[in-house]
Amino acid sequence: MAFEILIPTFSGEKQINVEQGSSVVFVGANGTGKTRLATHIENLFNFNAHRISAHRAQLLNPSVAKISEEKALLGLRIGYNESTRHYTSDKSSDRRSNRWQGSGATALLNDFDFLIQALFAEQANKSLETHKKVRSGDSSSVEPTQFECLLEIWERLLPHRNLHISGDNILVSVSGEEEYVYSGAGMSDGERAIFYMIGQALVAEDSSLIIFDEPELHIHRSMMAKLWDEIEAVRPDCAFVLITHDLDFAASRVAQKYVVRDYKPTPAWNIEEVPQDSGFDEELVTLILGSRKPILFVEGAESSLDKAIYRCCFPEWTVIPKGSCKDVIHSVRTMRHNKGLTRITCSGIVDADDNNEEDIEYLSNLGIATLPVSEIENIILLPEVSRAIAENEGYKNEDLEICLKNLSDDIFRTIEADKKIDKIIVDHCRRRIDQFLKKIDLKESITVDSLFEDYTRITSSLNINEIAQSVTDNLHSAVDNRDLSKFLIHYRNKKELMNLAAQHLRKCKLDHFESWLVRILMNNQFPEITKAIRKNMPNITAM
């Protein structure tokens, strides 16, 4: 059976087919109408669909009154309650008024008691059926109860915890210490969430569409993929709709995937399918599609300080670290040549990294700007930025100038010791050689001889002595003139430099200094420091 999901979009109706045993994943940011989309899909299929809301209570009460399986399932699927139930001829209306309190998109779903009651009732009925078979001499295989299925999955996912389920109670123990048990009510948030989701999948109607809104709530990321592998495996007769804002989880599923970009109350959604062959990994494609801002690819890793600097300087952009200069170039080119991926645009920023004027112009033509320093952290050591930090710390007049001079003197003093300038020159030459070799194109060489001749001819144009002399002149000029701005273009040792900044500007340890920087940049606590950093960053445009 295939579920044909019809979704009104900004450009017309979109049909998404979900087969039994398969899934569709919708991912989007807060405010894009994901929960309303889940409600819409549930209403399309009425009682062939079972929706678990993102806004749900997670209180597990093993002592809940035991009732019949029929009543428990009515409570679970429609929300009937012995004290407040409303019976009409329209079960859909009953579900809206009981299970969803008249507001399917915002009501708190409170059905854990019904789930527990349904599991206990099914266990009782199946156990009685098995008992009767045994008494009659029927030795055919015994079908496991839903509780037994839940317990098996639980112990594969959480081998450090054991469930003990009796006819009327749920207990938990630490593996290997079964003598110390505690009530299931004392489970952690994550344990209760795992129990709840497995249970909901097990009790769902045969061949139904199960809709989970934000399944990642309370569950550690490392557990999510395994959990859903188990859930999908135990219900191959069902189809699943998973609605999430967790990109890692979305990328982990083998499923059709869509990004929910926006919502109008008409209702209509702006939905785009995640392409398979974009040149980006799936998680990045999903992030790009879900972004409402232009994309800024930058060098570096997921460092807190890196991100804080870039985000405070470019708040109107979605900043994505991409590792090396080569990776930034690839990302910008890929996104600009893949216009079907997204309607938003992108640019890039790379480290100075000893690029010459020709390299900088080449990168600029690609839409990639170059930092004024060899790596992003060096921005903090630029005189204007260091001055702003020192002033924020209360340095004034002569004390301010002495503080900044001492910092500068210490930087140059460490460089002049132990022949560090020689090392900088060698590292510079090594990077230039690496850049040069990566640009060599020998596609036209069709024989070994021609390959050798072309390689020799091309590499003979690389003058290492000339490169070394150029950087030597620049470095000595910077050191002789105590020109930090010029020096920071070439020097790469962020830990050493940032440690000196911490000592002189705030008189603290490096980790405390970096934590403080991240905090003030993220909340713009000291605008003059942010302003000084922004002033020294390159201007970029979304081309």
# chains A, B, ... in the order shown; residues from 1 in each chain; ligands from 1
>>> residues_around(residues="region 312-326 of chain A", least_positions_apart="4", cutoff="7 Å", atoms="only C-alpha atoms", output="list in words")
Lys293, Pro294, Ile295, Leu296, Phe297, Val298, Glu299, Gly300, Ala301, Glu302, Ala308, His330, Val350, Leu521, Met522, Thr530 and Arg534 of chain A
>>> residues_around(residues="Thr266 (chain A)", least_positions_apart="4", cutoff="12 Å", atoms="only C-alpha atoms", output="JSON, numbers by chain")
{"A": [7, 8, 9, 10, 33, 36, 40]}
>>> write_last_selection(atoms="C-alpha atoms", output="PDB file, in the first residue's frame")
ATOM      1  CA  ILE A   7       0.752  18.999   0.087  1.00  0.00           C
ATOM      2  CA  PRO A   8      -0.342  22.487  -1.013  1.00  0.00           C
ATOM      3  CA  THR A   9       2.794  24.476  -1.856  1.00  0.00           C
ATOM      4  CA  PHE A  10       3.543  28.027  -2.926  1.00  0.00           C
ATOM      5  CA  GLY A  33       5.239  25.131   9.740  1.00  0.00           C
ATOM      6  CA  ARG A  36       1.172  22.110  10.929  1.00  0.00           C
ATOM      7  CA  HIS A  40      -2.170  18.233   7.641  1.00  0.00           C
TER       8      HIS A  40
END
>>> residues_around(residues="Glu216 (chain A)", least_positions_apart="2", cutoff="8 Å", atoms="only C-alpha atoms", output="VMD selection string")
chain A and resid 214 218 to 221 224 244 246 249
>>> select_by_dssp(residues="region 330-390 of chain A", states="strand (DSSP E or B)", output="NGL selection string")
:A and (346-350 or 368-370)
>>> select_by_dssp(residues="region 110-290 of chain A", states="alpha helix (DSSP H)", output="PyMOL selection string")
chain A and resi 112-135+146-157+189-203+221-234+247-252+282-290
>>> atom_distance(atom1="CA of Met537 (chain A)", atom2="CA of Pro372 (chain A)")
7.2 Å
>>> residues_around(residues="region 172-176 of chain A", least_positions_apart="3", cutoff="8 Å", atoms="only C-alpha atoms", output="VMD selection string")
chain A and resid 159 to 164 179 to 184 187
>>> write_last_selection(atoms="N, CA, C and O atoms", output="short mmCIF file (atom, residue, chain, number, x, y, z; two decimals), in the first residue's frame")
data_model
loop_
_atom_site.label_atom_id
_atom_site.label_comp_id
_atom_site.auth_asym_id
_atom_site.auth_seq_id
_atom_site.Cartn_x
_atom_site.Cartn_y
_atom_site.Cartn_z
N PRO A 159 22.17 -1.45 26.56
CA PRO A 159 22.64 -2.67 27.23
C PRO A 159 23.03 -2.46 28.69
O PRO A 159 23.18 -3.43 29.44
N HIS A 160 23.18 -1.21 29.11
CA HIS A 160 23.54 -0.93 30.51
C HIS A 160 22.32 -0.86 31.43
O HIS A 160 22.45 -0.66 32.63
N ARG A 161 21.11 -1.00 30.86
CA ARG A 161 19.87 -0.99 31.65
C ARG A 161 19.01 -2.19 31.27
O ARG A 161 18.91 -2.53 30.09
N ASN A 162 18.40 -2.81 32.25
CA ASN A 162 17.49 -3.93 32.00
C ASN A 162 16.07 -3.54 32.41
O ASN A 162 15.86 -2.92 33.45
N LEU A 163 15.11 -3.93 31.57
CA LEU A 163 13.70 -3.76 31.90
C LEU A 163 13.18 -5.04 32.53
O LEU A 163 13.53 -6.15 32.10
N HIS A 164 12.32 -4.89 33.53
CA HIS A 164 11.67 -6.03 34.17
C HIS A 164 10.16 -5.75 34.14
O HIS A 164 9.66 -4.89 34.87
N GLU A 179 19.61 -7.00 41.55
CA GLU A 179 19.02 -6.94 42.90
C GLU A 179 18.60 -5.50 43.26
O GLU A 179 17.83 -5.28 44.19
N TYR A 180 19.15 -4.52 42.51
CA TYR A 180 18.80 -3.12 42.77
C TYR A 180 17.89 -2.63 41.64
O TYR A 180 18.36 -2.30 40.55
N VAL A 181 16.62 -2.64 41.89
CA VAL A 181 15.66 -2.23 40.86
C VAL A 181 14.93 -0.97 41.32
O VAL A 181 14.81 -0.69 42.51
N TYR A 182 14.46 -0.22 40.34
CA TYR A 182 13.67 0.97 40.65
C TYR A 182 12.52 1.06 39.67
O TYR A 182 12.51 0.42 38.60
N SER A 183 11.53 1.86 40.01
CA SER A 183 10.31 1.97 39.21
C SER A 183 10.61 2.58 37.85
O SER A 183 11.49 3.45 37.71
N GLY A 184 9.85 2.15 36.85
CA GLY A 184 9.98 2.74 35.53
C GLY A 184 9.71 4.23 35.53
O GLY A 184 10.17 4.97 34.64
N MET A 187 12.84 6.45 35.29
CA MET A 187 13.72 6.48 34.11
C MET A 187 14.16 7.91 33.79
O MET A 187 13.45 8.88 34.12
#
>>> residues_around(residues="Ala468 (chain A)", least_positions_apart="6", cutoff="8 Å", atoms="only C-alpha atoms", output="list of chain:residue names")
A:Ile425, A:Val426, A:His428, A:Cys429
>>> write_last_selection(atoms="N, CA and C atoms", output="short mmCIF file (atom, residue, chain, number, x, y, z; two decimals), in the first residue's frame")
data_model
loop_
_atom_site.label_atom_id
_atom_site.label_comp_id
_atom_site.auth_asym_id
_atom_site.auth_seq_id
_atom_site.Cartn_x
_atom_site.Cartn_y
_atom_site.Cartn_z
N ILE A 425 59.79 31.17 6.91
CA ILE A 425 60.13 31.25 5.48
C ILE A 425 60.02 29.89 4.82
N VAL A 426 60.54 28.87 5.49
CA VAL A 426 60.46 27.51 4.94
C VAL A 426 59.00 27.06 4.82
N HIS A 428 56.41 28.94 4.49
CA HIS A 428 55.82 29.72 3.41
C HIS A 428 56.16 29.10 2.06
N CYS A 429 57.43 28.78 1.84
CA CYS A 429 57.86 28.18 0.58
C CYS A 429 57.17 26.83 0.35
#
>>> residues_around(residues="region 484-486 of chain A", least_positions_apart="3", cutoff="12 Å", atoms="only C-alpha atoms", output="number ranges by chain")
A: 352, 354, 371-374, 378-386, 404-405, 407-412, 415, 471, 473-481, 489-491, 497, 536
>>> atom_distance(atom1="CA of Ile368 (chain A)", atom2="CA of Glu514 (chain A)")
27.1 Å
>>> closest_atom_pairs(of="region 200-248 of chain A", to="region 125-146 of chain A", cutoff="10 Å", atoms="only C-alpha atoms", output="JSON lines")
{"residue": "A:Ala201", "atom": "CA", "partner": "A:Gln146", "partner_atom": "CA", "distance": 9.9}
{"residue": "A:Leu202", "atom": "CA", "partner": "A:Gln146", "partner_atom": "CA", "distance": 6.3}
{"residue": "A:Val203", "atom": "CA", "partner": "A:Gln146", "partner_atom": "CA", "distance": 7.5}
>>> write_last_selection(atoms="N, CA and C atoms", output="PDB file, in the first residue's frame")
ATOM      1  N   ALA A 201       5.201   2.764  18.136  1.00  0.00           N
ATOM      2  CA  ALA A 201       5.321   2.050  16.863  1.00  0.00           C
ATOM      3  C   ALA A 201       4.704   0.650  16.955  1.00  0.00           C
ATOM      4  N   LEU A 202       4.893  -0.023  18.080  1.00  0.00           N
ATOM      5  CA  LEU A 202       4.411  -1.392  18.237  1.00  0.00           C
ATOM      6  C   LEU A 202       2.882  -1.465  18.277  1.00  0.00           C
ATOM      7  N   VAL A 203       2.237  -0.484  18.902  1.00  0.00           N
ATOM      8  CA  VAL A 203       0.774  -0.557  19.058  1.00  0.00           C
ATOM      9  C   VAL A 203       0.026   0.100  17.908  1.00  0.00           C
TER      10      VAL A 203
END
>>> atom_distance(atom1="CA of Leu37 (chain A)", atom2="CA of Ala250 (chain A)")
16.7 Å
>>> residues_around(residues="Val18 (chain A)", least_positions_apart="3", cutoff="9 Å", atoms="only C-alpha atoms", output="list of chain:residue names")
A:Met1, A:Ala2, A:Phe3, A:Glu4, A:Ile5, A:Gly21, A:Ser22, A:Ser23, A:Val24, A:Leu209, A:Ala239, A:Phe240, A:Val241, A:Gln256
